[in-house]
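With compact mmCIF, C-alpha atoms inside, this is my_file-v4.txt:
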# COMPACT_ATOMS: atom_id res chain seq x y z
CA MET K 26 -5.88 -14.54 -6.18
CA ASN K 27 -5.79 -17.24 -3.52
CA ALA K 28 -5.14 -19.94 -6.12
CA ALA K 29 -2.52 -17.89 -7.97
CA PHE K 30 -0.66 -17.08 -4.76
CA ALA K 31 -1.04 -20.47 -3.04
CA ASP K 32 2.67 -21.23 -3.62
CA TYR K 33 3.87 -17.62 -3.21
CA VAL K 34 6.50 -16.49 -0.70
CA VAL K 35 3.56 -15.24 1.38
CA PRO K 36 0.53 -17.44 0.49
CA LEU K 37 -2.82 -15.67 0.36
CA HIS K 38 -5.97 -16.82 2.14
CA LEU K 39 -8.26 -13.87 1.51
CA THR K 40 -11.95 -13.81 2.32
CA ASP K 41 -14.33 -12.00 -0.02
CA ALA K 42 -14.42 -9.07 2.40
CA GLN K 43 -10.62 -8.87 2.61
CA PHE K 44 -10.33 -9.07 -1.18
CA HIS K 45 -12.71 -6.16 -1.67
CA GLU K 46 -11.01 -4.13 1.06
CA ILE K 47 -7.56 -4.60 -0.46
CA THR K 48 -8.63 -3.82 -4.02
CA ASN K 49 -10.61 -0.74 -2.98
CA ARG K 50 -7.77 0.51 -0.79
CA ARG K 51 -5.26 0.16 -3.64
CA GLY K 52 -7.37 1.94 -6.23
CA PHE K 53 -8.76 -0.91 -8.36
CA SER K 54 -10.09 0.23 -11.75
CA GLU K 55 -12.28 -2.21 -13.66
CA ASP K 56 -11.53 -0.34 -16.90
CA HIS K 57 -7.79 -0.90 -16.48
CA SER K 58 -7.78 -4.49 -15.21
CA PHE K 59 -7.84 -7.67 -17.30
CA LEU K 60 -8.49 -11.40 -16.99
CA ALA K 61 -7.22 -14.35 -19.02
CA THR K 62 -9.92 -17.01 -19.20
CA GLU K 63 -10.53 -20.48 -20.60
CA GLY K 64 -14.25 -20.95 -20.91
CA ASP K 65 -15.71 -19.83 -17.58
CA ARG K 66 -12.45 -20.50 -15.70
CA ILE K 67 -10.08 -17.67 -14.75
CA ALA K 68 -6.51 -18.55 -15.73
CA GLY K 69 -4.79 -15.28 -14.82
CA PHE K 70 -5.38 -11.66 -13.91
CA TRP K 71 -3.76 -8.23 -13.80
CA PHE K 72 -5.50 -5.78 -11.47
CA SER K 73 -4.55 -2.14 -11.98
CA SER K 74 -5.50 1.34 -10.90
CA LYS K 75 -6.21 4.08 -13.40
CA PRO K 76 -3.43 6.56 -14.29
CA GLU K 77 -3.02 8.75 -11.20
CA SER K 78 -2.05 12.42 -11.44
CA GLU K 79 -0.53 12.37 -7.92
CA VAL K 80 2.33 10.18 -9.20
CA GLY K 81 2.95 11.66 -12.64
CA ASN K 82 -0.01 9.91 -14.28
CA ARG K 83 1.44 6.47 -13.61
CA ALA K 84 -0.78 3.55 -12.67
CA TYR K 85 -0.35 1.05 -9.87
CA CYS K 86 -0.44 -2.74 -10.27
CA LEU K 87 -2.52 -4.01 -7.37
CA SER K 88 -1.81 -7.64 -8.12
CA ALA K 89 -0.93 -9.89 -11.06
CA GLY K 90 -0.87 -13.66 -11.17
CA VAL K 91 -1.51 -16.84 -13.09
CA ILE K 92 -3.07 -20.06 -11.78
CA PRO K 93 -0.31 -22.73 -11.56
CA ALA K 94 -1.87 -24.99 -14.22
CA TYR K 95 -1.73 -22.14 -16.77
CA ARG K 96 1.80 -20.91 -16.16
CA ARG K 97 4.59 -20.82 -18.77
CA LYS K 98 2.11 -20.11 -21.54
CA GLY K 99 2.86 -16.40 -21.86
CA LEU K 100 -0.37 -15.30 -20.17
CA LEU K 101 1.23 -12.73 -17.88
CA ARG K 102 2.90 -11.07 -20.87
CA ARG K 103 -0.43 -10.96 -22.71
CA LEU K 104 -2.11 -9.45 -19.67
CA PHE K 105 0.68 -6.90 -19.27
CA ASP K 106 0.38 -5.87 -22.92
CA ALA K 107 -3.39 -5.40 -22.57
CA VAL K 108 -2.97 -3.26 -19.43
CA LEU K 109 -0.20 -1.19 -20.99
CA ASP K 110 -2.17 -0.54 -24.17
CA LYS K 111 -5.18 0.63 -22.13
CA HIS K 112 -3.07 3.00 -20.04
CA ILE K 113 -1.35 4.48 -23.09
CA GLU K 114 -4.79 4.99 -24.64
CA ASP K 115 -5.88 6.89 -21.50
CA GLY K 116 -2.77 9.07 -21.30
CA GLY K 117 -0.86 7.06 -18.71
CA THR K 118 2.87 7.61 -18.50
CA GLY K 119 3.91 4.34 -16.87
CA LEU K 120 3.16 1.50 -14.48
CA GLN K 121 4.52 0.78 -11.02
CA LEU K 122 4.33 -2.18 -8.66
CA GLU K 123 5.97 -3.80 -5.65
CA VAL K 124 7.39 -7.31 -5.42
CA ILE K 125 9.07 -9.20 -2.57
CA ALA K 126 12.83 -8.92 -3.06
CA THR K 127 13.44 -12.66 -2.65
CA ASN K 128 11.00 -13.55 -5.44
CA GLU K 129 13.69 -13.84 -8.10
CA ALA K 130 11.38 -15.35 -10.72
CA ALA K 131 9.00 -12.39 -10.48
CA LEU K 132 11.89 -9.92 -10.58
CA ARG K 133 13.22 -11.51 -13.77
CA GLY K 134 9.76 -11.54 -15.30
CA TYR K 135 9.01 -7.89 -14.58
CA ALA K 136 12.49 -6.90 -15.78
CA SER K 137 11.74 -8.63 -19.09
CA PHE K 138 8.64 -6.40 -19.39
CA GLY K 139 10.84 -3.31 -19.02
CA TYR K 140 10.36 -2.57 -15.32
CA GLU K 141 13.30 -1.09 -13.43
CA ILE K 142 13.92 -1.14 -9.67
CA VAL K 143 13.65 2.44 -8.38
CA ARG K 144 13.76 1.93 -4.60
CA ASP K 145 13.79 -0.69 -1.86
CA LEU K 146 11.10 -0.84 0.82
CA ASN K 147 11.41 -2.12 4.37
CA VAL K 148 8.51 -3.91 6.05
CA TYR K 149 8.40 -4.10 9.85
CA LYS K 150 6.21 -6.22 12.10
CA LEU K 151 5.55 -5.56 15.79
CA GLU K 152 3.92 -8.26 17.91
CA ASN K 153 2.22 -7.46 21.22
CA PRO K 154 3.44 -3.87 21.48
CA HIS K 155 4.04 -2.43 24.93
CA LEU K 156 2.65 1.07 25.23
CA SER K 157 4.26 3.71 27.38
CA GLN K 158 2.25 6.84 27.92
CA ASP K 159 5.25 9.15 28.18
CA VAL K 160 5.02 12.24 26.01
CA PRO K 161 7.17 15.37 25.81
CA GLN K 162 6.04 18.30 27.91
CA GLY K 163 3.55 20.48 26.10
CA VAL K 164 2.38 17.71 23.75
CA ALA K 165 -1.20 16.44 23.69
CA ILE K 166 -2.23 13.19 22.00
CA ARG K 167 -5.77 12.39 20.89
CA GLU K 168 -7.66 10.49 18.22
CA ILE K 169 -8.50 12.55 15.15
CA GLU K 170 -10.06 12.21 11.69
CA LEU K 171 -8.29 12.04 8.33
CA VAL K 172 -9.59 15.50 7.47
CA ASP K 173 -7.67 16.88 10.47
CA LEU K 174 -4.29 15.92 8.95
CA PRO K 175 -2.26 18.61 7.17
CA GLU K 176 -2.29 18.66 3.37
CA GLU K 177 1.26 20.00 3.15
CA LEU K 178 3.50 17.04 3.96
CA SER K 179 6.98 18.24 2.99
CA SER K 180 7.92 18.90 6.63
CA PHE K 181 6.73 15.41 7.68
CA PHE K 182 7.68 13.03 4.87
CA ASP K 183 11.18 12.35 3.57
CA THR K 184 9.95 10.34 0.58
CA TYR K 185 6.66 9.77 -1.23
CA PRO K 186 4.49 6.96 0.23
CA THR K 187 3.79 3.79 -1.70
CA ARG K 188 0.40 3.56 -3.43
CA GLN K 189 -1.12 1.38 -0.73
CA ASN K 190 0.00 3.90 1.92
CA GLN K 191 -1.11 7.11 0.21
CA ARG K 192 -3.82 9.31 1.65
CA SER K 193 -6.15 8.11 -1.11
CA ALA K 194 -5.81 4.55 0.22
CA MET K 195 -6.87 5.68 3.69
CA SER K 196 -9.81 7.61 2.25
CA ALA K 197 -11.02 4.76 0.02
CA LEU K 198 -12.87 3.00 2.84
CA PRO K 199 -14.30 5.69 5.14
CA GLY K 200 -14.30 4.83 8.82
CA THR K 201 -11.87 1.91 8.59
CA VAL K 202 -8.63 3.68 9.49
CA ARG K 203 -7.88 5.05 12.98
CA VAL K 204 -5.65 8.08 13.35
CA VAL K 205 -4.08 9.42 16.53
CA GLY K 206 -2.43 12.83 16.36
CA ALA K 207 0.14 14.63 18.47
CA PHE K 208 -0.41 18.37 19.01
CA ALA K 209 1.81 21.17 20.31
CA GLU K 210 1.04 24.87 20.33
CA GLY K 211 -2.24 24.16 18.56
CA GLN K 212 -0.61 22.42 15.57
CA VAL K 213 -0.32 18.82 14.41
CA ILE K 214 3.26 17.68 14.93
CA GLY K 215 2.79 13.98 14.23
CA TRP K 216 0.35 11.14 13.75
CA GLN K 217 -0.08 7.37 13.45
CA ALA K 218 -2.66 5.76 11.15
CA VAL K 219 -3.66 2.09 11.43
CA PHE K 220 -6.05 -0.11 9.42
CA PRO K 221 -8.15 -2.78 11.18
CA ASP K 222 -5.84 -5.55 9.86
CA GLY K 223 -2.83 -3.97 11.56
CA ALA K 224 -1.31 -2.31 8.49
CA ALA K 225 0.09 1.13 9.38
CA PRO K 226 0.06 3.35 6.30
CA GLU K 227 1.49 6.43 7.97
CA LEU K 228 3.69 7.21 10.97
CA ALA K 229 4.87 10.81 10.76
CA VAL K 230 6.63 13.31 13.00
CA ARG K 231 7.44 16.85 11.94
CA ARG K 232 11.19 17.27 11.43
CA ASP K 233 11.64 19.90 14.13
CA TRP K 234 9.99 17.57 16.67
CA ARG K 235 11.99 14.43 15.91
CA ARG K 236 14.42 12.83 18.38
CA ARG K 237 12.87 14.46 21.44
CA GLY K 238 12.49 11.25 23.39
CA ALA K 239 10.43 8.08 23.05
CA TRP K 240 6.70 8.56 22.94
CA ASP K 241 3.95 6.34 21.57
CA LEU K 242 0.70 7.05 19.81
CA PRO K 243 -1.74 4.63 21.49
CA CYS K 244 -3.93 3.48 18.61
CA TRP K 245 -2.57 -0.05 18.11
CA PRO K 246 -5.15 -2.61 16.96
CA ARG K 247 -5.34 -6.06 18.51
CA SER K 248 -3.64 -7.65 15.49
CA PRO K 249 0.10 -7.29 14.74
CA LEU K 250 1.27 -3.95 13.40
CA TYR K 251 2.87 -3.76 9.98
CA ILE K 252 4.65 -0.70 8.65
CA GLN K 253 5.84 -0.37 5.06
CA THR K 254 8.34 2.38 4.46
CA GLY K 255 10.14 3.72 1.44
Here is a file; write its structure as structure tokens.
Amino acid sequence: MNAAFADYVVPLHLTDAQFHEITNRRGFSEDHSFLATEGDRIAGFWFSSKPESEVGNRAYCLSAGVIPAYRRKGLLRRLFDAVLDKHIEDGGTGLQLEVIATNEAALRGYASFGYEIVRDLNVYKLENPHLSQDVPQGVAIREIELVDLPEELSSFFDTYPTRQNQRSAMSALPGTVRVVGAFAEGQVIGWQAVFPDGAAPELAVRRDWRRRGAWDLPCWPRSPLYIQTG
């Protein structure tokens, strides 16, 4: 991955531990992922999840790439065909992925495979956040566990989270995500979840508690905070 993304819009410099964390968090399935090789050298890869019932039995592309020396040989198309055939065999209904909007070459390539753009995502970064401890009257804030979060999310979410922000991603590596919840009248009215690397998969406030004044959930990690929304 590091070699394939060395000249990417956002170059990768993953350690082994970071690689395993990312692939586990995003639902890597060995049965649904493929490599292109020349001898014992990896030329390209397509890492995929299995078909997932939570999103209509579609699968998620964790990452796909080709080493620069092997590009323009049709390898990504061959990898895509192999992944697609495997998912059809296992009852999958489709594939989904995310790509940086300025990566025009990737957008053209995925469009040629039949992908269509279904929504745009915004990614925010917050450096050195200042925390105020102001909270609305009657609200208590404390750290909680994932199991304490409500299963019914229709009153919190306005759209379905991306694969890397779903509850399954937070549950994939037990003990790595911190969650701080806001409570009123004995009920959860909001929460913030943060991974050790600063990625924030969920920031939710119940609709009837929104716009009641600025208040922060103090669980920021030392690294920058990143929020991906849809």
Interface rows for region 147-239 of chain K against region 59-74 of chain K: nearest pair, Å to one decimal, 12 Å, only C-alpha atoms, as a tab-separated table:
residue	atom	partner	partner_atom	distance
K:Arg188	CA	K:Ser74	CA	9.8
K:Gln189	CA	K:Ser74	CA	11.1
K:Ser193	CA	K:Ser74	CA	11.9
K:Ala194	CA	K:Ser74	CA	11.6
Problem set entry | Contacts of region 104-107 of chain K at 12 Å (only C-alpha atoms; same-chain gap of 2+ positions) as a PyMOL selection string | chain K and resi 56-62+68-73+86+88-91+98-102+109-114+119-121+134-135+137-140
Exercise. Can you tell me, as a VMD selection string, which residues sit within 10 Å of (12.5, 2.2, -6.9) in the file's frame, using all atoms listed in the file?
Worked result: chain K and resid 121 to 123 140 to 146 255
Exercise. Just how far from CA of Gln212 (chain K) is CA of Asp233 (chain K), in Å to one decimal?
Worked result: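 Straight-line distance from CA of Asp233 (chain K) to CA of Gln212 (chain K) works out to 12.6 Å.
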Nearby residues (only C-alpha atoms) at most 12 Å from Gln162 (chain K), same-chain spacing under 2 positions excluded, as a PDB file with C-alpha atoms, in the frame of the given file:
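Output file part.pdb is given in full below:
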ATOM      1  CA  ASP K 159       5.250   9.150  28.180  1.00  0.00           C
ATOM      2  CA  VAL K 160       5.020  12.240  26.010  1.00  0.00           C
ATOM      3  CA  VAL K 164       2.380  17.710  23.750  1.00  0.00           C
ATOM      4  CA  ALA K 165      -1.200  16.440  23.690  1.00  0.00           C
ATOM      5  CA  ILE K 166      -2.230  13.190  22.000  1.00  0.00           C
ATOM      6  CA  ALA K 207       0.140  14.630  18.470  1.00  0.00           C
ATOM      7  CA  PHE K 208      -0.410  18.370  19.010  1.00  0.00           C
ATOM      8  CA  ALA K 209       1.810  21.170  20.310  1.00  0.00           C
ATOM      9  CA  GLU K 210       1.040  24.870  20.330  1.00  0.00           C
ATOM     10  CA  TRP K 234       9.990  17.570  16.670  1.00  0.00           C
ATOM     11  CA  ARG K 237      12.870  14.460  21.440  1.00  0.00           C
ATOM     12  CA  GLY K 238      12.490  11.250  23.390  1.00  0.00           C
ATOM     13  CA  TRP K 240       6.700   8.560  22.940  1.00  0.00           C
TER      14      TRP K 240
END
Problem set entry | Which residue of K:Thr187, K:Tyr149, K:Val219, K:Asn128 approaches Leu87 (chain K) most closely, using all atoms listed in the file | K:Thr187
Problem set entry | d(CA of Thr127 (chain K), CA of Tyr95 (chain K)) in Å | 22.8 Å
Exercise. In Å, with one decimal, what is the gap from CA of Arg133 (chain K) to CA of Ile92 (chain K)?
Worked result: 18.5 Å
Seminar exercise, completed: Residue with the minimum atom-to-atom distance to Arg167 (chain K), picked from K:Arg203, K:Arg103, K:Arg96, K:Arg232 with all atoms listed in the file counted, is K:Arg203
Problem set entry | Residue among K:Glu152, K:Glu227, K:Glu168, K:Asp222 lying closest to Pro186 (chain K), counting only C-alpha atoms |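 Counting only C-alpha atoms, the residue closest to Pro186 (chain K) is K:Glu227.
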Problem set entry | Shortest interatomic distance to Ser78 (chain K) - which of K:Gly117, K:Phe44, K:Pro221, K:Val108, counting only C-alpha atoms |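 Ranking K:Gly117, K:Phe44, K:Pro221, K:Val108 by distance to Ser78 (chain K), first place goes to K:Gly117.
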Exercise. Given the choices K:Gln191, K:Gln43, K:Gln217, K:Ser180, which gets closest to Arg235 (chain K) if the distance is worked out from only C-alpha atoms?
Worked result: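 Among the listed residues, the smallest separation from Arg235 (chain K) belongs to K:Ser180.
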Exercise. Could you pull the residues within 12 Å of Val34 (chain K), counting all atoms listed in the file, minus those fewer than 6 positions along the same chain, as a PyMOL selection string?
Worked result: chain K and resi 124-131
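Distances from K:Trp216, K:Tyr33, K:Phe53, K:Tyr85 to Phe182 (chain K) were compared using all atoms listed in the file, and the smallest one belongs to K:Trp216.
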